[in-house]
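Q: My structure is stored as model_14.txt, with compact mmCIF, C-alpha atoms.
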# COMPACT_ATOMS: atom_id res chain seq x y z
CA MET A 1330 5.79 -21.91 73.70
CA SER A 1331 3.62 -19.00 74.72
CA PHE A 1332 5.63 -18.82 77.93
CA LEU A 1333 8.83 -18.47 75.90
CA SER A 1334 7.43 -15.92 73.47
CA SER A 1335 6.03 -13.78 76.26
CA TYR A 1336 9.09 -13.86 78.52
CA ILE A 1337 12.02 -14.34 76.14
CA TYR A 1338 13.49 -10.87 76.68
CA TYR A 1339 13.19 -11.10 80.44
CA ILE A 1340 14.79 -14.54 80.37
CA GLY A 1341 17.67 -13.18 78.29
CA ALA A 1342 18.14 -10.10 80.45
CA PHE A 1343 18.03 -11.93 83.76
CA GLY A 1344 20.13 -14.72 82.31
CA LEU A 1345 22.83 -12.13 81.60
CA ILE A 1346 22.43 -10.60 85.08
CA ILE A 1347 22.74 -13.98 86.80
CA ILE A 1348 25.70 -15.06 84.66
CA GLY A 1349 27.36 -11.73 85.48
CA LEU A 1350 26.79 -12.17 89.21
CA LEU A 1351 28.07 -15.75 89.03
CA VAL A 1352 31.24 -14.59 87.29
CA ILE A 1353 31.75 -11.80 89.86
CA LEU A 1354 31.29 -14.22 92.77
CA LEU A 1355 33.29 -17.17 91.47
CA LYS A 1356 36.14 -15.98 89.29
CA ARG A 1357 39.46 -15.10 90.85
CA ASN A 1358 40.99 -13.22 87.95
CA LEU A 1359 40.34 -9.48 88.19
CA ILE A 1360 39.85 -9.07 84.43
CA LYS A 1361 37.18 -11.79 84.47
CA VAL A 1362 35.45 -10.06 87.38
CA ILE A 1363 35.39 -6.83 85.36
CA ILE A 1364 33.92 -8.76 82.41
CA GLY A 1365 31.26 -10.04 84.83
CA ILE A 1366 30.43 -6.47 85.89
CA ASN A 1367 30.03 -5.57 82.22
CA LEU A 1368 27.71 -8.55 81.62
CA LEU A 1369 25.60 -7.47 84.60
CA ASP A 1370 25.45 -3.95 83.17
CA THR A 1371 24.35 -5.24 79.76
CA GLY A 1372 21.66 -7.40 81.33
CA VAL A 1373 20.24 -4.47 83.28
CA ASN A 1374 20.17 -2.33 80.12
CA LEU A 1375 18.44 -5.10 78.15
CA PHE A 1376 15.86 -5.50 80.91
CA LEU A 1377 15.12 -1.75 80.99
CA ILE A 1378 14.70 -1.65 77.20
CA SER A 1379 12.44 -4.71 77.21
CA THR A 1380 10.08 -3.21 79.81
CA GLY A 1381 9.20 -0.51 77.27
CA TYR A 1382 8.79 -2.89 74.34
CA LEU A 1383 5.50 -2.82 72.46
CA LYS A 1384 4.63 -5.76 70.22
CA GLY A 1385 4.96 -4.52 66.62
CA GLY A 1386 5.83 -1.02 67.79
CA THR A 1387 8.13 1.38 65.95
CA ALA A 1388 10.94 3.60 67.21
CA PRO A 1389 9.64 6.70 69.05
CA ILE A 1390 10.78 9.07 66.29
CA PHE A 1391 8.40 11.01 64.06
CA SER A 1392 9.31 11.48 60.40
CA PRO A 1393 7.61 13.60 57.74
CA GLY A 1394 5.60 11.52 55.28
CA TYR A 1395 5.57 8.46 57.50
CA GLY A 1396 2.30 8.13 59.31
CA ALA A 1397 3.30 6.59 62.62
CA VAL A 1398 0.82 7.16 65.38
CA PRO A 1399 2.02 7.67 68.97
CA SER A 1400 0.07 4.66 70.21
CA ALA A 1401 2.09 2.36 67.92
CA MET A 1402 5.47 3.47 69.32
CA VAL A 1403 7.57 1.87 72.03
CA ASP A 1404 7.98 3.63 75.38
CA PRO A 1405 10.70 6.36 75.06
CA VAL A 1406 11.49 6.69 78.77
CA PRO A 1407 13.51 3.45 79.23
CA GLN A 1408 15.33 4.20 75.99
CA GLY A 1409 16.36 7.60 77.32
CA LEU A 1410 17.58 5.96 80.53
CA VAL A 1411 19.59 3.28 78.74
CA LEU A 1412 21.08 5.80 76.28
CA THR A 1413 22.99 7.48 79.08
CA ALA A 1414 23.52 4.28 81.08
CA ILE A 1415 25.52 2.69 78.23
CA VAL A 1416 28.02 5.57 78.20
CA ILE A 1417 28.22 5.53 82.00
CA GLY A 1418 28.82 1.76 81.83
CA ALA A 1419 31.68 2.26 79.36
CA SER A 1420 33.36 4.89 81.54
CA VAL A 1421 32.93 2.80 84.69
CA LEU A 1422 34.49 -0.13 82.80
CA ALA A 1423 37.46 2.09 81.93
CA LEU A 1424 37.78 3.15 85.59
CA ALA A 1425 37.67 -0.50 86.73
CA LEU A 1426 40.33 -1.45 84.17
CA SER A 1427 42.59 1.38 85.37
CA LEU A 1428 42.21 0.07 88.94
CA GLY A 1429 43.14 -3.35 87.55
CA ILE A 1430 46.30 -1.87 86.02
CA LYS A 1431 47.23 -0.42 89.42
CA VAL A 1432 46.55 -3.71 91.22
CA TYR A 1433 48.81 -5.50 88.75
CA ASP A 1434 51.52 -2.86 89.20
CA HIS A 1435 51.39 -3.15 92.98
CA TYR A 1436 50.97 -6.90 93.54
CA GLY A 1437 52.37 -8.29 90.31
CA THR A 1438 49.32 -10.48 89.85
CA LEU A 1439 45.66 -10.25 88.92
CA ASP A 1440 44.68 -13.28 91.01
CA LEU A 1441 42.37 -11.99 93.73
CA ASP A 1442 43.37 -14.82 96.09
CA LYS A 1443 46.95 -13.61 96.08
CA VAL A 1444 46.01 -9.95 96.55
CA ARG A 1445 46.03 -9.31 100.26
CA GLY A 1446 42.65 -8.66 101.90
CA GLN A 1447 40.65 -9.79 98.87
CA ARG A 1448 39.87 -13.36 99.93
CA TRP A 1449 36.38 -14.41 100.90
CA MET B 698 33.29 -25.24 86.19
CA LYS B 699 35.47 -26.51 89.03
CA GLU B 700 34.70 -23.37 91.01
CA LEU B 701 31.05 -24.36 91.20
CA LEU B 702 31.79 -27.41 93.34
CA SER B 703 33.65 -25.60 96.12
CA LEU B 704 31.93 -24.25 99.24
CA ARG B 705 32.14 -20.75 97.77
CA GLY B 706 30.49 -21.93 94.57
CA LEU B 707 27.64 -23.63 96.41
CA ILE B 708 26.98 -20.52 98.51
CA ALA B 709 27.03 -18.38 95.36
CA LEU B 710 24.67 -20.74 93.53
CA PHE B 711 22.27 -20.77 96.47
CA LEU B 712 22.28 -16.95 96.59
CA LEU B 713 21.69 -16.71 92.85
CA VAL B 714 18.77 -19.17 92.98
CA VAL B 715 17.22 -17.06 95.74
CA ILE B 716 17.79 -13.88 93.70
CA GLY B 717 16.40 -15.51 90.54
CA VAL B 718 13.22 -16.76 92.21
CA GLY B 719 12.71 -13.39 93.87
CA ILE B 720 13.18 -11.50 90.61
CA PHE B 721 10.92 -13.84 88.66
CA SER B 722 8.09 -13.64 91.17
CA ALA B 723 8.19 -9.85 90.86
CA VAL B 724 8.90 -9.38 87.15
CA GLY B 725 6.72 -12.26 85.94
CA LYS B 726 3.67 -10.20 86.80
CA ILE B 727 4.65 -7.40 84.37
CA PRO B 728 3.04 -8.20 81.01
CA PHE B 729 5.65 -8.24 78.30
CA GLY B 730 5.08 -6.32 75.07
CA GLN B 731 2.32 -4.08 76.37
CA PRO B 732 3.91 -1.10 78.11
CA ASP B 733 1.37 0.57 80.32
CA SER B 734 3.24 3.69 81.39
CA GLU B 735 1.22 6.88 81.39
CA VAL B 736 4.38 8.98 81.41
CA GLY B 737 5.67 7.38 78.23
CA SER B 738 2.41 7.76 76.31
CA ALA B 739 2.03 11.36 77.53
CA TYR B 740 5.53 12.17 76.22
CA LEU B 741 4.69 10.49 72.91
CA GLU B 742 1.35 12.32 72.54
CA ASP B 743 2.44 15.82 73.56
CA GLY B 744 6.22 15.74 73.08
CA ARG B 745 6.17 17.07 69.53
CA GLN B 746 4.04 20.10 70.35
CA GLU B 747 5.69 20.86 73.69
CA THR B 748 9.33 20.54 72.69
CA GLY B 749 9.41 20.69 68.88
CA ALA B 750 11.71 17.66 68.65
CA ALA B 751 10.82 14.85 66.24
CA ASN B 752 12.83 12.34 68.25
CA THR B 753 10.88 11.64 71.44
CA VAL B 754 13.86 10.01 73.12
CA THR B 755 15.75 13.28 72.70
CA SER B 756 12.88 15.27 74.15
CA VAL B 757 12.94 12.96 77.18
CA VAL B 758 16.73 13.01 77.60
CA VAL B 759 17.44 16.73 77.16
CA GLY B 760 13.95 18.12 77.71
CA TYR B 761 11.78 16.52 80.35
CA ARG B 762 14.60 14.78 82.22
CA ALA B 763 17.44 17.19 81.44
CA LEU B 764 18.43 17.45 85.09
CA ASP B 765 19.05 13.67 85.17
CA THR B 766 21.21 14.03 82.07
CA LEU B 767 23.26 16.70 83.84
CA GLY B 768 23.74 14.21 86.68
CA GLU B 769 24.86 11.50 84.26
CA VAL B 770 27.30 13.89 82.61
CA ALA B 771 28.68 14.61 86.08
CA VAL B 772 29.08 10.85 86.74
CA LEU B 773 30.95 10.53 83.44
CA PHE B 774 33.19 13.46 84.37
CA ILE B 775 33.98 11.93 87.77
CA ALA B 776 34.79 8.55 86.19
CA ALA B 777 37.12 10.15 83.61
CA THR B 778 38.82 12.31 86.26
CA GLY B 779 39.21 9.32 88.57
CA LEU B 780 40.77 7.29 85.79
CA SER B 781 43.35 9.93 84.92
CA THR B 782 44.08 10.47 88.63
CA ILE B 783 44.61 6.75 89.24
CA LEU B 784 46.83 6.34 86.20
CA ALA B 785 48.78 9.57 86.80
CA THR B 786 50.33 8.21 90.02
CA SER B 787 52.45 5.54 88.36
CA LYS B 788 56.11 6.06 89.04
CA LYS B 789 57.97 3.33 87.26
CA ARG B 790 58.13 3.36 83.51
CA ILE B 791 58.51 0.06 81.75
CA ASP B 792 60.17 0.47 78.38
CA ARG B 793 58.29 -1.72 75.97
CA LYS B 794 59.31 -2.13 72.37
CA LEU B 795 56.53 -0.85 70.18
CA GLU B 796 55.95 -2.28 66.76
CA ASP B 797 54.78 -0.02 63.98
CA ALA B 798 51.22 -0.49 62.80
CA SER B 799 50.69 -2.19 59.46
CA LEU B 800 50.28 -0.21 56.26
CA VAL B 801 46.54 -0.95 56.14
CA LEU B 802 45.96 0.44 59.64
CA LYS B 803 48.16 3.48 58.99
CA THR B 804 46.42 4.39 55.75
CA GLY B 805 43.00 3.58 57.19
CA CYS B 806 43.64 5.84 60.15
CA ARG B 807 44.53 8.74 57.88
CA VAL B 808 41.56 8.21 55.57
CA PHE B 809 38.89 7.36 58.09
CA PHE B 810 39.73 9.73 60.96
CA PRO B 811 37.99 12.82 59.44
CA MET B 812 35.07 10.72 58.22
CA ILE B 813 34.45 9.24 61.67
CA LEU B 814 34.65 12.72 63.19
CA LEU B 815 32.13 13.97 60.62
CA PHE B 816 29.78 11.06 61.33
CA GLY B 817 29.98 11.70 65.09
CA ALA B 818 29.22 15.39 64.53
CA TYR B 819 26.27 14.44 62.30
CA LEU B 820 24.95 12.15 65.02
CA PHE B 821 24.90 14.83 67.69
CA ILE B 822 23.83 17.76 65.51
CA HIS B 823 20.82 15.81 64.17
CA GLY B 824 20.03 14.24 67.54
CA HIS B 825 16.60 15.85 67.75
CA LEU B 826 15.55 14.60 64.29
CA THR B 827 17.05 11.16 63.69
CA PRO B 828 18.26 8.28 65.86
CA GLY B 829 21.38 9.59 67.55
CA GLY B 830 22.40 12.17 70.07
CA GLY B 831 25.21 13.60 72.12
CA PHE B 832 26.22 10.44 73.93
CA GLN B 833 26.35 8.29 70.80
CA GLY B 834 28.08 11.00 68.75
CA GLY B 835 30.63 11.52 71.52
CA ALA B 836 31.34 7.79 71.67
CA VAL B 837 31.85 7.74 67.89
CA ILE B 838 34.29 10.66 68.16
CA GLY B 839 36.13 8.82 70.93
CA SER B 840 36.46 5.80 68.65
CA ALA B 841 38.04 8.04 65.99
CA PHE B 842 40.76 8.98 68.50
CA LEU B 843 41.21 5.31 69.40
CA LEU B 844 41.87 4.60 65.71
CA THR B 845 44.48 7.38 65.63
CA TYR B 846 46.27 5.98 68.65
CA LEU B 847 46.33 2.50 67.12
CA GLY B 848 47.30 3.55 63.61
CA CYS B 849 49.27 6.79 63.71
CA SER B 850 51.17 6.10 66.93
CA GLY B 851 53.09 9.37 66.76
CA ARG B 852 50.05 11.59 67.09
CA ARG B 853 48.74 12.61 70.49
CA VAL B 854 45.72 14.51 71.72
CA SER B 855 46.81 17.59 73.60
CA ARG B 856 45.86 17.03 77.25
CA THR B 857 45.16 20.73 77.75
CA ALA B 858 42.91 20.92 74.71
CA SER B 859 40.80 17.92 75.68
CA ARG B 860 40.53 19.10 79.30
CA SER B 861 39.51 22.64 78.33
CA LEU B 862 37.02 21.46 75.70
CA GLU B 863 35.47 19.12 78.26
CA SER B 864 35.27 21.77 80.97
CA LEU B 865 33.98 24.46 78.62
CA SER B 866 31.20 22.27 77.24
CA GLY B 867 30.19 21.12 80.72
CA PHE B 868 30.14 24.75 81.82
CA GLY B 869 28.10 25.65 78.73
CA PHE B 870 25.50 23.02 79.61
CA VAL B 871 25.02 24.46 83.11
CA PHE B 872 25.13 28.01 81.72
CA LEU B 873 22.30 27.25 79.24
CA GLY B 874 20.31 25.85 82.14
CA LEU B 875 20.91 28.99 84.20
CA ILE B 876 19.79 31.23 81.29
CA GLY B 877 16.61 29.14 81.20
CA LEU B 878 16.19 29.89 84.89
CA MET B 879 16.36 33.64 84.23
CA VAL B 880 14.26 34.01 81.09
CA GLY B 881 11.32 32.05 79.79
CA GLU B 882 9.43 29.72 82.06
CA SER B 883 11.85 30.20 84.96
CA TYR B 884 12.97 26.69 85.75
CA PHE B 885 16.38 25.12 85.38
CA LEU B 886 17.08 24.00 81.78
CA SER B 887 13.80 25.37 80.44
CA ASN B 888 13.52 25.58 76.66
CA PHE B 889 13.74 29.34 76.16
CA LEU B 890 14.60 29.47 72.45
CA PRO B 891 11.86 29.42 69.77
CA LYS B 892 10.69 25.92 68.87
CA GLY B 893 10.98 26.45 65.13
CA GLU B 894 9.41 24.30 62.47
CA LEU B 895 9.04 20.60 63.22
CA TYR B 896 11.45 18.26 61.30
CA SER B 897 13.81 21.13 60.36
CA LEU B 898 17.39 21.31 61.60
CA LEU B 899 16.86 24.58 63.47
CA SER B 900 14.05 23.38 65.68
CA ALA B 901 13.43 22.26 69.25
CA GLY B 902 15.01 25.34 70.87
CA ILE B 903 18.04 24.55 73.01
CA PHE B 904 18.06 20.77 72.34
CA PRO B 905 20.59 20.86 69.47
CA LEU B 906 22.82 23.20 71.50
CA ILE B 907 22.72 20.91 74.54
CA TYR B 908 23.39 17.84 72.40
CA ILE B 909 26.33 19.55 70.67
CA LEU B 910 27.78 20.41 74.10
CA ILE B 911 27.19 16.86 75.40
CA GLY B 912 28.72 15.40 72.24
CA LEU B 913 31.86 17.53 72.55
CA LYS B 914 32.13 16.73 76.25
CA VAL B 915 31.72 12.96 75.85
CA GLY B 916 34.07 12.94 72.87
CA ALA B 917 36.75 14.90 74.73
CA GLU B 918 36.33 12.69 77.79
CA PHE B 919 36.68 9.47 75.80
CA ALA B 920 39.70 10.89 73.98
CA GLY B 921 41.24 11.73 77.38
CA VAL B 922 40.47 8.26 78.75
CA ILE B 923 42.02 6.58 75.71
CA ASP B 924 45.02 8.92 75.97
CA SER B 925 45.58 8.01 79.65
CA MET B 926 45.30 4.28 79.01
CA ILE B 927 47.58 4.29 75.96
CA GLU B 928 50.08 6.46 77.83
CA GLU B 929 50.09 3.89 80.67
CA SER B 930 50.87 1.05 78.28
CA ARG B 931 53.86 2.83 76.76
Could you show the structure in this file as structure tokens?
A:
Amino acid sequence: MSFLSSYIYYIGAFGLIIIGLLVILLKRNLIKVIIGINLLDTGVNLFLISTGYLKGGTAPIFSPGYGAVPSAMVDPVPQGLVLTAIVIGASVLALALSLGIKVYDHYGTLDLDKVRGQRW
Amino acid sequence: MKELLSLRGLIALFLLVVIGVGIFSAVGKIPFGQPDSEVGSAYLEDGRQETGAANTVTSVVVGYRALDTLGEVAVLFIAATGLSTILATSKKRIDRKLEDASLVLKTGCRVFFPMILLFGAYLFIHGHLTPGGGFQGGAVIGSAFLLTYLGCSGRRVSRTASRSLESLSGFGFVFLGLIGLMVGESYFLSNFLPKGELYSLLSAGIFPLIYILIGLKVGAEFAGVIDSMIEESR
């Protein structure tokens, strides 16, 4: 139980990363591969956030009349990283989807086995 | 599940087990729930006095690590440009029959579009005081344009307007950084404006300006991306 409560975020984050990698490696449909990339991205973001987590900590934002001390706040650096990484992830997803549209236009299929040069 | 039993699946599973064991042996040593980063606690202790921003995440994103944010904005720009370049090369046009949106979506798009824009603007203008910031506000503004494209299918974002807004705000970001190089503490993106009173809207020097520029840029980029993708599906 203590193992679960002390590692639950890491287990969730790396579970997402491994599921994402599995989807990227195994699925043959391009849309599913893109979903796998997005899962991987989400897992990495969750892991970064959880490294800065403080048990019982508050958001790193000061407010007037609310006496939060800096030592009771979560680490702001991973939050700043993830803040931008989410938007980057969304735009990379859009770029990948546009490449998927082009692949479908050119080959008439999204199956990676039927797309020439994409078999492994 | 049938993919797992092929040779490919077994190789992939083996690789993932190796990766998982490797990751766990490294990450398992980091204690969870007790961050021990000196950088983070230094930002929390001194961030308010040094930058004047109540939101420490904002002071990290556009203050201490502003150069990284400029890099991320550049990545976003390249992704949006790449997307419109890839989609602009299509030659054949497939004529699809479009159905009109339902009455609920049409009315909702008219009613909610200005409100969503206002909320996005609130998010990036108050980014140094409350949870929020340029990236989130920009994404909210992009979602407002997505609603317009779904509901009011006749309306379009002018390509020139979104491009010029995006370029001007990106240029403004770099320009603010260059002014900081000339006056004040003489480093790129230094906070040369007065810090103001803590917790008031006009505080934290150039942070609100940078977040407004980032918000406009991200919003214009997302609107352009949505425009390109909807245009492709027509």
Q: Pick the closest to chain B from A:Gly1394, A:Pro1399, A:Gly1344, A:Gly1386: which is it, counting only C-alpha atoms?
A: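 Of the candidates, the smallest distance to chain B is held by A:Pro1399.
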Q: At a cut-off of 10 Å, using all atoms listed in the file, what residues contact Ala776 of chain B? Leave out same-chain residues fewer than 3 positions from it and give the result as a CSV table (one decimal) with C-alpha atoms, in the coordinates of the input.
A:
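And here's out.csv as it stands now:
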chain,number,residue,atom,x,y,z
A,1417,ILE,CA,28.2,5.5,82.0
A,1419,ALA,CA,31.7,2.3,79.4
A,1420,SER,CA,33.4,4.9,81.5
A,1421,VAL,CA,32.9,2.8,84.7
A,1422,LEU,CA,34.5,-0.1,82.8
A,1423,ALA,CA,37.5,2.1,81.9
A,1424,LEU,CA,37.8,3.2,85.6
A,1425,ALA,CA,37.7,-0.5,86.7
B,770,VAL,CA,27.3,13.9,82.6
B,771,ALA,CA,28.7,14.6,86.1
B,772,VAL,CA,29.1,10.8,86.7
B,773,LEU,CA,31.0,10.5,83.4
B,779,GLY,CA,39.2,9.3,88.6
B,780,LEU,CA,40.8,7.3,85.8
B,781,SER,CA,43.4,9.9,84.9
B,782,THR,CA,44.1,10.5,88.6
B,918,GLU,CA,36.3,12.7,77.8
B,922,VAL,CA,40.5,8.3,78.8
Q: Residues of chain A no more than 9 Å from chain B, counting all atoms listed in the file: send them over as JSON, numbers by chain.
A: {"A": [1335, 1336, 1338, 1339, 1343, 1347, 1350, 1351, 1354, 1355, 1356, 1379, 1380, 1381, 1382, 1383, 1384, 1385, 1388, 1389, 1390, 1391, 1392, 1393, 1398, 1399, 1400, 1402, 1403, 1404, 1405, 1406, 1407, 1408, 1409, 1410, 1412, 1413, 1414, 1415, 1416, 1417, 1420, 1421, 1423, 1424, 1425, 1426, 1427, 1428, 1430, 1431, 1434, 1449]}
Q: Compare A:Val1444, A:Ile1378, A:Val1352, A:Ile1346 by their minimum atom-to-atom distance to Gly1365 of chain A, counting all atoms listed in the file, and give me the closest one.
A: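 The shortest atom-to-atom distance to Gly1365 of chain A comes from A:Val1352.
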Q: Figure out the distance between atom CA of Leu890 of chain B and atom CA of Leu875 of chain B, please, to one decimal in Å.
A: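 If I compute the distance from atom CA of Leu875 of chain B to atom CA of Leu890 of chain B, I get 13.3 Å.
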Q: Considering only C-alpha atoms, can you say which of A:Ala1401, A:Leu1369, A:Ile1363, A:Ile1337 comes closest to Gly1349 of chain A?
A: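 Answer, going by the shortest atom-to-atom distance: A:Leu1369.
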Q: Using all atoms of segment 853-861 of chain B listed in the file and a margin of 5 Å per side, can you give the axis-aligned box centre and edge lengths in Å to one decimal, as JSON?
A:
{"center_x": 44.1, "center_y": 17.6, "center_z": 74.9, "size_x": 19.2, "size_y": 20.0, "size_z": 18.8}
Q: Between atom CA of Phe810 of chain B and atom CA of Leu899 of chain B, what is the distance, to one decimal in Å?
A: 27.4 Å
Q: Which residue out of A:Ile1366, A:Val1373, A:Val1411, A:Leu1439 has the minimum interatomic distance to Ile1340 of chain A when only C-alpha atoms are used?
A: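 Of all the options, A:Val1373 lies closest to Ile1340 of chain A.
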Q: What is the atom CA of Ser897 of chain B-atom CA of Glu747 of chain B distance in Å, reported with one decimal?
A: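 So the answer is 15.6 Å.
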Q: Smallest atom-to-atom distance to Phe1376 of chain A: which of A:Val1362, A:Arg1357, A:Gly1341, A:Tyr1395, using only C-alpha atoms?
A: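 Checking each of A:Val1362, A:Arg1357, A:Gly1341, A:Tyr1395 against Phe1376 of chain A, counting only C-alpha atoms, the winner is A:Gly1341.
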Q: So, with all atoms listed in the file as the atoms that count, which of B:Met879, B:Ala917, B:Leu702, B:Ala723 lies closest to Leu862 of chain B?
A: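 The shortest atom-to-atom distance to Leu862 of chain B comes from B:Ala917.
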